[in-house]
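protein.pdb (PDB, C-alpha atoms and all ligand atoms) appears below.
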ATOM      1  CA  MET A   1      82.669  62.715 182.577
ATOM      2  CA  LYS A   2      82.170  66.441 182.992
ATOM      3  CA  ALA A   3      82.620  69.418 180.647
ATOM      4  CA  SER A   4      82.700  72.965 182.024
ATOM      5  CA  ILE A   5      81.944  75.725 179.554
ATOM      6  CA  ARG A   6      82.666  79.385 180.293
ATOM      7  CA  TYR A   7      81.822  82.299 178.001
ATOM      8  CA  PHE A   8      81.594  86.054 177.768
ATOM      9  CA  SER A   9      79.144  87.571 175.320
ATOM     10  CA  GLY A  10      77.953  91.094 174.606
ATOM     11  CA  THR A  11      75.360  90.354 171.954
ATOM     12  CA  GLY A  12      74.819  86.610 172.041
ATOM     13  CA  ASN A  13      77.149  85.151 169.382
ATOM     14  CA  SER A  14      79.586  83.627 171.859
ATOM     15  CA  TRP A  15      76.699  82.531 174.090
ATOM     16  CA  ARG A  16      75.110  80.697 171.111
ATOM     17  CA  ILE A  17      78.352  78.954 170.192
ATOM     18  CA  ALA A  18      78.959  78.026 173.853
ATOM     19  CA  SER A  19      75.454  76.551 174.091
ATOM     20  CA  VAL A  20      75.937  74.458 170.934
ATOM     21  CA  CYS A  21      79.172  73.149 172.406
ATOM     22  CA  THR A  22      77.312  72.361 175.669
ATOM     23  CA  ASP A  23      74.520  70.508 173.844
ATOM     24  CA  THR A  24      77.044  68.450 171.859
ATOM     25  CA  PHE A  25      78.908  67.417 175.021
ATOM     26  CA  ARG A  26      75.610  66.566 176.684
ATOM     27  CA  SER A  27      74.431  64.381 173.825
ATOM     28  CA  SER A  28      77.740  62.496 174.096
ATOM     29  CA  GLY A  29      76.921  61.633 177.701
ATOM     30  CA  TYR A  30      78.848  64.402 179.459
ATOM     31  CA  GLU A  31      77.531  66.234 182.486
ATOM     32  CA  THR A  32      77.798  69.931 181.548
ATOM     33  CA  ASP A  33      78.073  73.206 183.354
ATOM     34  CA  LEU A  34      77.624  76.386 181.278
ATOM     35  CA  GLU A  35      78.231  79.798 182.842
ATOM     36  CA  SER A  36      78.886  83.322 181.661
ATOM     37  CA  ILE A  37      81.900  84.914 183.330
ATOM     38  CA  ARG A  38      81.942  88.024 185.452
ATOM     39  CA  ARG A  39      85.061  89.410 187.100
ATOM     40  CA  GLY A  40      86.828  86.357 188.608
ATOM     41  CA  TRP A  41      83.587  84.370 188.737
ATOM     42  CA  PRO A  42      82.461  81.601 188.572
ATOM     43  CA  PRO A  43      85.436  79.417 189.510
ATOM     44  CA  LEU A  44      86.188  76.477 187.271
ATOM     45  CA  PRO A  45      85.386  73.231 189.130
ATOM     46  CA  ALA A  46      87.227  69.926 188.722
ATOM     47  CA  THR A  47      86.372  68.917 185.172
ATOM     48  CA  ASP A  48      87.404  66.610 182.312
ATOM     49  CA  ALA A  49      87.120  69.230 179.572
ATOM     50  CA  ALA A  50      87.667  72.986 180.078
ATOM     51  CA  CYS A  51      85.853  74.893 177.323
ATOM     52  CA  PHE A  52      85.856  78.622 176.635
ATOM     53  CA  CYS A  53      84.059  80.834 174.169
ATOM     54  CA  PHE A  54      84.836  84.540 173.805
ATOM     55  CA  PRO A  55      84.500  87.246 171.164
ATOM     56  CA  VAL A  56      87.533  88.848 169.486
ATOM     57  CA  TYR A  57      88.037  92.515 170.389
ATOM     58  CA  SER A  58      90.506  94.372 168.233
ATOM     59  CA  LEU A  59      92.584  91.307 167.352
ATOM     60  CA  ASP A  60      92.805  89.899 170.877
ATOM     61  CA  LEU A  61      90.676  88.506 173.700
ATOM     62  CA  PRO A  62      88.480  90.847 175.757
ATOM     63  CA  ARG A  63      90.235  92.089 178.887
ATOM     64  CA  ILE A  64      87.720  90.243 181.133
ATOM     65  CA  ALA A  65      88.422  86.949 179.315
ATOM     66  CA  SER A  66      92.222  87.217 179.612
ATOM     67  CA  ALA A  67      91.860  88.091 183.301
ATOM     68  CA  TYR A  68      89.604  85.072 183.834
ATOM     69  CA  LEU A  69      92.057  82.685 182.115
ATOM     70  CA  ARG A  70      94.995  84.155 184.036
ATOM     71  CA  ARG A  71      93.246  83.363 187.346
ATOM     72  CA  LEU A  72      92.141  79.807 186.554
ATOM     73  CA  PRO A  73      92.949  77.273 189.252
ATOM     74  CA  PRO A  74      96.155  75.477 188.170
ATOM     75  CA  SER A  75      95.395  72.078 186.658
ATOM     76  CA  GLU A  76      97.766  69.346 187.750
ATOM     77  CA  ARG A  77      95.954  66.740 185.643
ATOM     78  CA  GLN A  78      96.594  68.724 182.433
ATOM     79  CA  VAL A  79      92.861  68.877 181.683
ATOM     80  CA  PRO A  80      92.376  69.353 177.908
ATOM     81  CA  ALA A  81      91.028  72.745 176.866
ATOM     82  CA  PHE A  82      88.771  73.756 173.991
ATOM     83  CA  LEU A  83      88.760  77.396 172.863
ATOM     84  CA  LEU A  84      86.331  78.926 170.392
ATOM     85  CA  VAL A  85      86.478  82.615 169.582
ATOM     86  CA  THR A  86      83.787  84.376 167.589
ATOM     87  CA  GLY A  87      84.758  87.198 165.260
ATOM     88  CA  GLY A  88      83.217  89.200 162.468
ATOM     89  CA  ASP A  89      86.052  88.509 160.050
ATOM     90  CA  PRO A  90      87.692  85.106 159.566
ATOM     91  CA  ASP A  91      90.970  86.757 158.498
ATOM     92  CA  ASN A  92      91.108  89.169 161.373
ATOM     93  CA  CYS A  93      91.154  87.222 164.625
ATOM     94  CA  GLY A  94      94.698  88.398 165.244
ATOM     95  CA  TRP A  95      96.279  87.089 168.420
ATOM     96  CA  ALA A  96      93.021  86.137 170.196
ATOM     97  CA  ILE A  97      93.614  82.413 169.842
ATOM     98  CA  GLU A  98      97.341  82.612 170.481
ATOM     99  CA  SER A  99      96.755  84.610 173.694
ATOM    100  CA  GLY A 100      94.124  82.144 174.902
ATOM    101  CA  VAL A 101      96.290  79.114 174.122
ATOM    102  CA  ARG A 102      99.253  80.642 175.969
ATOM    103  CA  LEU A 103      97.259  81.681 179.052
ATOM    104  CA  LEU A 104      95.613  78.255 179.264
ATOM    105  CA  ALA A 105      98.939  76.419 178.874
ATOM    106  CA  GLU A 106     100.397  78.551 181.691
ATOM    107  CA  ARG A 107      97.613  77.343 184.014
ATOM    108  CA  GLY A 108      98.097  73.698 182.980
ATOM    109  CA  TYR A 109      95.265  73.333 180.430
ATOM    110  CA  PRO A 110      96.795  72.204 177.112
ATOM    111  CA  VAL A 111      94.565  73.374 174.276
ATOM    112  CA  ARG A 112      93.448  70.576 171.986
ATOM    113  CA  ILE A 113      91.246  72.581 169.623
ATOM    114  CA  ALA A 114      91.205  76.375 169.181
ATOM    115  CA  GLU A 115      89.325  77.959 166.294
ATOM    116  CA  LEU A 116      87.704  81.155 165.110
ATOM    117  CA  ILE A 117      84.016  81.005 164.229
ATOM    118  CA  GLN A 118      82.730  83.749 161.995
ATOM    119  CA  MET A 119      79.564  85.396 163.311
ATOM    120  CA  PRO A 120      77.953  88.776 162.528
ATOM    121  CA  ASP A 121      80.064  91.769 163.552
ATOM    122  CA  ASN A 122      78.553  93.571 166.546
ATOM    123  CA  TRP A 123      80.885  96.585 166.543
ATOM    124  CA  THR A 124      78.054  98.591 165.058
ATOM    125  CA  PRO A 125      79.511 102.085 165.468
ATOM    126  CA  PHE A 126      82.054 100.895 162.862
ATOM    127  CA  HIS A 127      80.138  98.376 160.765
ATOM    128  CA  SER A 128      76.486  98.092 160.011
ATOM    129  CA  ALA A 129      75.280  94.633 161.072
ATOM    130  CA  PRO A 130      74.534  92.354 158.103
ATOM    131  CA  GLU A 131      70.975  92.173 156.723
ATOM    132  CA  PRO A 132      68.903  89.738 158.857
ATOM    133  CA  VAL A 133      68.876  87.058 156.118
ATOM    134  CA  ALA A 134      72.651  87.226 155.666
ATOM    135  CA  ALA A 135      73.117  87.230 159.447
ATOM    136  CA  GLU A 136      70.952  84.121 159.767
ATOM    137  CA  ARG A 137      72.982  82.334 157.093
ATOM    138  CA  MET A 138      76.237  83.246 158.839
ATOM    139  CA  THR A 139      75.061  82.214 162.322
ATOM    140  CA  GLY A 140      73.707  78.952 160.865
ATOM    141  CA  ARG A 141      77.172  78.168 159.458
ATOM    142  CA  GLY A 142      78.758  79.190 162.778
ATOM    143  CA  VAL A 143      76.505  76.857 164.760
ATOM    144  CA  GLU A 144      77.292  73.958 162.416
ATOM    145  CA  THR A 145      81.045  74.625 162.655
ATOM    146  CA  ALA A 146      80.830  74.729 166.471
ATOM    147  CA  ARG A 147      79.020  71.383 166.528
ATOM    148  CA  LYS A 148      81.623  69.748 164.257
ATOM    149  CA  LEU A 149      84.549  71.191 166.202
ATOM    150  CA  THR A 150      83.092  69.878 169.476
ATOM    151  CA  GLU A 151      82.732  66.437 167.911
ATOM    152  CA  ARG A 152      86.367  66.615 166.775
ATOM    153  CA  PHE A 153      87.431  67.635 170.289
ATOM    154  CA  LEU A 154      85.571  64.605 171.629
ATOM    155  CA  THR A 155      87.490  62.282 169.296
ATOM    156  CA  GLY A 156      90.776  63.629 170.699
ATOM    157  CA  GLU A 157      91.793  65.489 167.520
ATOM    158  CA  MET A 158      94.231  68.406 167.820
ATOM    159  CA  CYS A 159      93.898  71.610 165.787
ATOM    160  CA  VAL A 160      94.937  75.145 166.713
ATOM    161  CA  LYS A 161      94.283  77.999 164.293
ATOM    162  CA  PRO A 162      97.380  80.154 163.833
ATOM    163  CA  VAL A 163      97.563  83.927 164.234
ATOM    164  CA  SER A 164      95.561  85.626 161.471
ATOM    165  CA  LEU A 165      96.477  89.182 160.490
ATOM    166  CA  ARG A 166      95.550  89.144 156.824
ATOM    167  CA  LYS A 167      93.295  92.188 156.862
ATOM    168  CA  PHE A 168      95.641  94.840 158.302
ATOM    169  CA  GLY A 169      99.024  93.112 157.946
ATOM    170  CA  ARG A 170     101.410  92.564 160.863
ATOM    171  CA  LEU A 171     102.292  96.211 161.467
ATOM    172  CA  GLY A 172      98.748  97.569 161.100
ATOM    173  CA  SER A 173      97.377  94.781 163.288
ATOM    174  CA  MET A 174      99.984  95.401 165.991
ATOM    175  CA  LEU A 175      99.124  99.086 166.003
ATOM    176  CA  LEU A 176      95.372  98.468 166.243
ATOM    177  CA  ARG A 177      95.821  95.918 169.004
ATOM    178  CA  VAL A 178      98.061  98.200 171.066
ATOM    179  CA  LEU A 179      95.803 101.237 170.543
ATOM    180  CA  PHE A 180      92.690  99.351 171.643
ATOM    181  CA  HIS A 181      94.005  97.134 174.423
ATOM    182  CA  ARG A 182      96.650  99.408 175.962
ATOM    183  CA  ARG A 183      94.768 102.690 175.644
ATOM    184  CA  GLY A 184      91.424 102.492 173.878
ATOM    185  CA  VAL A 185      89.528 100.117 176.098
ATOM    186  CA  PHE A 186      90.321 102.349 179.075
ATOM    187  CA  LYS A 187      89.099 105.443 177.261
ATOM    188  CA  LEU A 188      86.412 104.449 174.759
ATOM    189  CA  TRP A 189      83.690 104.372 177.433
ATOM    190  CA  GLN A 190      84.119 108.152 177.607
ATOM    191  CA  LEU A 191      82.924 108.415 174.004
ATOM    192  CA  PHE A 192      79.467 106.941 174.602
ATOM    193  CA  ARG A 193      76.735 109.541 174.255
ATOM    194  CA  VAL A 194      72.935 109.482 174.435
ATOM    195  CA  THR A 195      70.775 111.408 172.039
ATOM    196  CA  GLY A 196      67.571 113.264 172.904
ATOM    197  CA  THR A 197      65.505 110.143 172.098
ATOM    198  CA  CYS A 198      66.629 108.423 175.348
ATOM    199  CA  ASN A 199      63.546 107.959 177.527
ATOM    200  CA  GLY A 200      65.463 106.954 180.668
ATOM    201  CA  CYS A 201      64.105 103.371 180.631
ATOM    202  CA  GLY A 202      67.317 102.078 182.303
ATOM    203  CA  LEU A 203      67.541  98.932 180.151
ATOM    204  CA  CYS A 204      71.186  99.683 179.338
ATOM    205  CA  GLU A 205      72.033  99.840 183.061
ATOM    206  CA  ARG A 206      70.241  96.555 183.789
ATOM    207  CA  ALA A 207      71.716  94.781 180.760
ATOM    208  CA  CYS A 208      75.394  95.722 181.055
ATOM    209  CA  PRO A 209      77.314  92.503 181.851
ATOM    210  CA  THR A 210      80.036  94.373 183.732
ATOM    211  CA  GLY A 211      77.880  96.784 185.748
ATOM    212  CA  SER A 212      79.528  99.745 184.034
ATOM    213  CA  ILE A 213      76.422 101.927 183.621
ATOM    214  CA  ARG A 214      74.664 103.979 186.302
ATOM    215  CA  MET A 215      71.544 106.024 185.648
ATOM    216  CA  GLN A 216      71.965 109.615 186.774
ATOM    217  CA  ALA A 217      69.162 112.149 186.350
ATOM    218  CA  GLY A 218      67.424 109.748 183.970
ATOM    219  CA  ARG A 219      70.459 109.298 181.687
ATOM    220  CA  PRO A 220      73.089 106.516 181.503
ATOM    221  CA  VAL A 221      76.614 107.325 182.633
ATOM    222  CA  TRP A 222      79.424 104.932 181.658
ATOM    223  CA  SER A 223      82.516 103.961 183.659
ATOM    224  CA  ILE A 224      86.013 102.591 183.162
ATOM    225  CA  THR A 225      85.103  98.927 183.756
ATOM    226  CA  CYS A 226      83.329  98.898 180.359
ATOM    227  CA  GLU A 227      84.607  96.078 178.097
ATOM    228  CA  GLN A 228      83.216  97.615 174.877
ATOM    229  CA  CYS A 229      80.952  94.600 174.383
ATOM    230  CA  MET A 230      78.341  96.814 172.648
ATOM    231  CA  ARG A 231      75.374  95.276 174.422
ATOM    232  CA  CYS A 232      74.047  98.632 175.645
ATOM    233  CA  LEU A 233      74.355 100.202 172.209
ATOM    234  CA  ASN A 234      72.793  97.281 170.332
ATOM    235  CA  TYR A 235      69.884  96.675 172.740
ATOM    236  CA  CYS A 236      68.784 100.252 173.410
ATOM    237  CA  PRO A 237      65.138 100.162 172.252
ATOM    238  CA  SER A 238      65.259 103.708 170.883
ATOM    239  CA  ARG A 239      68.793 103.468 169.400
ATOM    240  CA  SER A 240      69.768 106.432 171.518
ATOM    241  CA  ILE A 241      73.346 105.375 172.261
ATOM    242  CA  THR A 242      76.138 106.473 169.962
ATOM    243  CA  GLN A 243      79.902 106.183 170.039
ATOM    244  CA  LEU A 244      82.435 107.883 167.808
ATOM    245  CA  ASP A 245      79.536 109.109 165.721
ATOM    246  CA  PHE A 246      81.274 112.398 165.146
ATOM    247  CA  LEU A 247      83.854 110.321 163.213
ATOM    248  CA  LEU A 248      81.636 107.577 161.847
ATOM    249  CA  HIS A 249      77.980 106.723 161.451
ATOM    250  CA  GLY A 250      76.965 106.005 165.057
ATOM    251  CA  SER A 251      73.410 104.900 165.645
ATOM    252  CA  SER A 252      72.421 105.262 161.993
ATOM    253  CA  HIS A 253      74.004 101.827 161.508
ATOM    254  CA  ARG A 254      71.870  98.680 161.778
ATOM    255  CA  ALA A 255      72.021  97.202 165.312
ATOM    256  CA  TYR A 256      72.783  93.544 166.003
ATOM    257  CA  HIS A 257      72.234  90.887 168.601
ATOM    258  CA  TYR A 258      71.786  87.163 168.247
ATOM    259  CA  PRO A 259      68.030  86.563 167.918
ATOM    260  CA  GLY A 260      66.606  85.220 171.143
ATOM    261  CA  PHE A 261      69.644  86.162 173.232
ATOM    262  CA  THR A 262      68.364  87.833 176.335
ATOM    263  CA  HIS A 263      69.982  90.994 177.652
ATOM    264  CA  ARG A 264      68.827  90.117 181.153
ATOM    265  CA  LYS A 265      71.799  89.245 183.341
ATOM    266  CA  ASP A 266      69.753  87.034 185.648
ATOM    267  CA  GLU A 267      68.868  84.796 182.687
ATOM    268  CA  LEU A 268      72.369  84.590 181.267
ATOM    269  CA  PRO A 269      74.312  81.868 183.060
ATOM    270  CA  GLY A 270      72.239  78.795 182.188
ATOM    271  CA  LEU A 271      70.286  78.193 179.055
ATOM    272  CA  GLY A 272      66.729  78.525 180.368
ATOM    273  CA  GLU A 273      64.587  80.585 178.025
ATOM    274  CA  ASN A 274      67.631  81.273 175.866
ATOM    275  CA  ARG A 275      67.722  77.798 174.507
ATOM    276  CA  SER A 276      66.896  77.585 170.838
TER     277      SER A 276
HETATM  278  C1  LIG A 301      85.168  96.430 170.366
HETATM  279  C2  LIG A 301      85.041  95.334 169.341
HETATM  280  C3  LIG A 301      86.159  94.927 168.622
HETATM  281  C4  LIG A 301      86.052  93.907 167.669
HETATM  282  N1  LIG A 301      87.183  93.491 167.008
HETATM  283  C5  LIG A 301      87.118  92.456 166.152
HETATM  284  C6  LIG A 301      88.305  91.970 165.511
HETATM  285  O1  LIG A 301      89.413  92.467 165.711
HETATM  286  N2  LIG A 301      88.197  90.929 164.678
HETATM  287  C7  LIG A 301      87.004  90.327 164.418
HETATM  288  O2  LIG A 301      86.969  89.363 163.623
HETATM  289  N3  LIG A 301      85.839  90.757 165.008
HETATM  290  C8  LIG A 301      85.886  91.795 165.877
HETATM  291  N4  LIG A 301      84.734  92.231 166.511
HETATM  292  C9  LIG A 301      83.463  91.558 166.244
HETATM  293  C10 LIG A 301      83.087  90.571 167.345
HETATM  294  O3  LIG A 301      84.203  89.813 167.752
HETATM  295  C11 LIG A 301      81.982  89.598 166.896
HETATM  296  O4  LIG A 301      80.876  90.265 166.420
HETATM  297  C12 LIG A 301      81.616  88.651 168.036
HETATM  298  O5  LIG A 301      80.989  87.519 167.489
HETATM  299  C13 LIG A 301      80.699  89.279 169.072
HETATM  300  O6  LIG A 301      80.410  88.310 170.038
HETATM  301  P1  LIG A 301      79.241  88.409 171.122
HETATM  302  O7  LIG A 301      77.939  88.545 170.342
HETATM  303  O8  LIG A 301      79.323  87.139 171.861
HETATM  304  O9  LIG A 301      79.508  89.611 171.949
HETATM  305  C14 LIG A 301      84.804  93.271 167.432
HETATM  306  C15 LIG A 301      83.679  93.681 168.165
HETATM  307  C16 LIG A 301      83.795  94.707 169.120
HETATM  308  C17 LIG A 301      82.582  95.132 169.891
HETATM  309  S1  LIG A 302      68.363 101.797 177.026
HETATM  310 FE1  LIG A 302      68.401 103.566 175.640
HETATM  311  S2  LIG A 302      66.489 104.654 176.072
HETATM  312 FE2  LIG A 302      66.838 103.261 177.800
HETATM  313  S3  LIG A 302      67.979 104.533 179.306
HETATM  314 FE3  LIG A 302      69.509 103.423 178.070
HETATM  315  S4  LIG A 302      70.009 104.897 176.442
HETATM  316 FE4  LIG A 302      68.092 105.599 177.335
HETATM  317  S1  LIG A 303      78.778  99.749 179.139
HETATM  318 FE1  LIG A 303      77.877  98.915 177.272
HETATM  319  S2  LIG A 303      79.654  98.337 176.019
HETATM  320 FE2  LIG A 303      80.394  98.650 178.107
HETATM  321  S3  LIG A 303      80.393  96.603 179.035
HETATM  322 FE3  LIG A 303      78.418  97.596 179.541
HETATM  323  S4  LIG A 303      76.991  96.945 177.947
HETATM  324 FE4  LIG A 303      79.088  96.504 177.232
END
What does the file become when written as structure tokens?
Ligand SMILES: Cc1cc2nc3c(=O)[nH]c(=O)nc-3n(C[C@H](O)[C@H](O)[C@H](O)COP(=O)(O)O)c2cc1C
Ligand code: SF4
Ligand code: SF4
Amino acid sequence: MKASIRYFSGTGNSWRIASVCTDTFRSSGYETDLESIRRGWPPLPATDAACFCFPVYSLDLPRIASAYLRRLPPSERQVPAFLLVTGGDPDNCGWAIESGVRLLAERGYPVRIAELIQMPDNWTPFHSAPEPVAAERMTGRGVETARKLTERFLTGEMCVKPVSLRKFGRLGSMLLRVLFHRRGVFKLWQLFRVTGTCNGCGLCERACPTGSIRMQAGRPVWSITCEQCMRCLNYCPSRSITQLDFLLHGSSHRAYHYPGFTHRKDELPGLGENRS
């Protein structure tokens, strides 16, 4: 039996949950195949369980995740799917699960379990990341939930979390989702700025999972393919990247990434050194 696990992760939460899911399948005797997604890659091979783990961005799936699901090879065997989304707020996952379930069903992968797992919020221009102790407690709970959900998937249980719009209500949530996904994500990259503390190290360019940063004259320049994953902003060693800081707090907020998650793209697909 084989389980294929695909994820997208800016700061390591979704990677961690995907790796827990992988380990649980493996200890149940499954052959596993864990890969982070890039645009249209890697293809999903013939498998017995199709598993996906993505963050929530403004009440929906990241653009790159929806595009990946939309292009999955059609499954004639109706391979069961497992969808975990990680979000900073358990009452604010919006339509992320519903979108994923619909896109997967359209490609012939009926979703058996789809759930939100609360992990620390990485949208650090808006929220300060939790204190390290609180973050550790939250990620510990998230890891445990992921393990239990994978075990439930393996027993054949069915459970799909409904749409959750409690924080902003239906109207507010719809507005936020439309603003971000129809307009914002195509424009927000233009709001990244670097402060004078940038030393031109180029880490942001090397780390970006979508190749959206180019160094020009020793400074990063962003482009439209940016997914707003916040990896560049949260990993910059001198906290030189800001966004919307003329409106909010920018880089004065505490940064976040899952401890031990590497920003190096060449180490991302498998577990390798990441494994913890
Ligand atoms: C642009 C952006 C939008 C976000 N929107 C939401 C949201 O609507 N609801 C939510 O619960 N979390 C939201 N978050 C928080 C992330 O979903 C959460 O921190 C996630 O676990 C990050 O996963 P990663 O570390 O794998 O990138 C948002 C984060 C970013 C960067
Ligand atoms: S990672 Fe930070 S310091 Fe390094 S080039 Fe990018 S913005 Fe500048
Ligand atoms: S530019 Fe920054 S926020 Fe955008 S995709 Fe790359 S690392 Fe993520």
Check your understanding: Where does the PyMOL selection byres (((chain A and resi 109) around 9) and not hetatm) land in this file, that is, which residues does it pick, as a list in words?
Key ->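 The output of the PyMOL selection byres (((chain A and resi 109) around 9) and not hetatm) on this file is Ala50, Pro74, Ser75, Glu76, Arg77, Gln78, Val79, Pro80, Ala81, Val101, Leu103, Leu104, Ala105, Glu106, Arg107, Gly108, Pro110 and Val111 of chain A.
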**Study point:** Answer key for the PyMOL selection byres (((not hetatm)) within 8 of (chain A and resi 302)), residues as a PyMOL selection string
**Key:** chain A and resi 194-195+197-205+215+218-220+232-233+235-241
Those residues you just picked out, can you put them in a file as a CSV table (one decimal), keeping the file's coordinate frame with C-alpha atoms?
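To be explicit, this is the file written out as selection.csv:
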chain,number,residue,atom,x,y,z
A,194,VAL,CA,72.9,109.5,174.4
A,195,THR,CA,70.8,111.4,172.0
A,197,THR,CA,65.5,110.1,172.1
A,198,CYS,CA,66.6,108.4,175.3
A,199,ASN,CA,63.5,108.0,177.5
A,200,GLY,CA,65.5,107.0,180.7
A,201,CYS,CA,64.1,103.4,180.6
A,202,GLY,CA,67.3,102.1,182.3
A,203,LEU,CA,67.5,98.9,180.2
A,204,CYS,CA,71.2,99.7,179.3
A,205,GLU,CA,72.0,99.8,183.1
A,215,MET,CA,71.5,106.0,185.6
A,218,GLY,CA,67.4,109.7,184.0
A,219,ARG,CA,70.5,109.3,181.7
A,220,PRO,CA,73.1,106.5,181.5
A,232,CYS,CA,74.0,98.6,175.6
A,233,LEU,CA,74.4,100.2,172.2
A,235,TYR,CA,69.9,96.7,172.7
A,236,CYS,CA,68.8,100.3,173.4
A,237,PRO,CA,65.1,100.2,172.3
A,238,SER,CA,65.3,103.7,170.9
A,239,ARG,CA,68.8,103.5,169.4
A,240,SER,CA,69.8,106.4,171.5
A,241,ILE,CA,73.3,105.4,172.3
Review point. Hey, what comes out of the PyMOL selection byres (((chain A and resi 36) around 8) and not hetatm) on this file? Could you write it as a ChimeraX atom specification?
Key: /A:6-9,15,34-35,37-38,42,268-269
Taking all atoms of ligand LIG 301 (chain A) that the file lists and extending 4 Å past them on each side, where is the centre of the axis-aligned box and how long are its edges? Answer in Å to one decimal, as AutoDock Vina command-line options.
--center_x 83.7 --center_y 91.8 --center_z 167.8 --size_x 19.5 --size_y 17.3 --size_z 16.3
Review point. Separation of CA of Tyr256 in chain A and CA of Phe168 in chain A, in Å?
Key: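 If I compute the distance from CA of Tyr256 in chain A to CA of Phe168 in chain A, I get 24.2 Å.
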Practice item. Could you tell me how far CA of Leu44 in chain A lies from CA of Ser27 in chain A, in Å and to one decimal? Key: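 Separation of CA of Leu44 in chain A and CA of Ser27 in chain A: 21.6 Å.
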Review point. Within 6 Å of ligand LIG 303 (chain A), counting all atoms listed in the file, which protein or nucleic acid residues do you find, written as a PyMOL selection string?
Key: chain A and resi 208-210+212-213+222+226-232
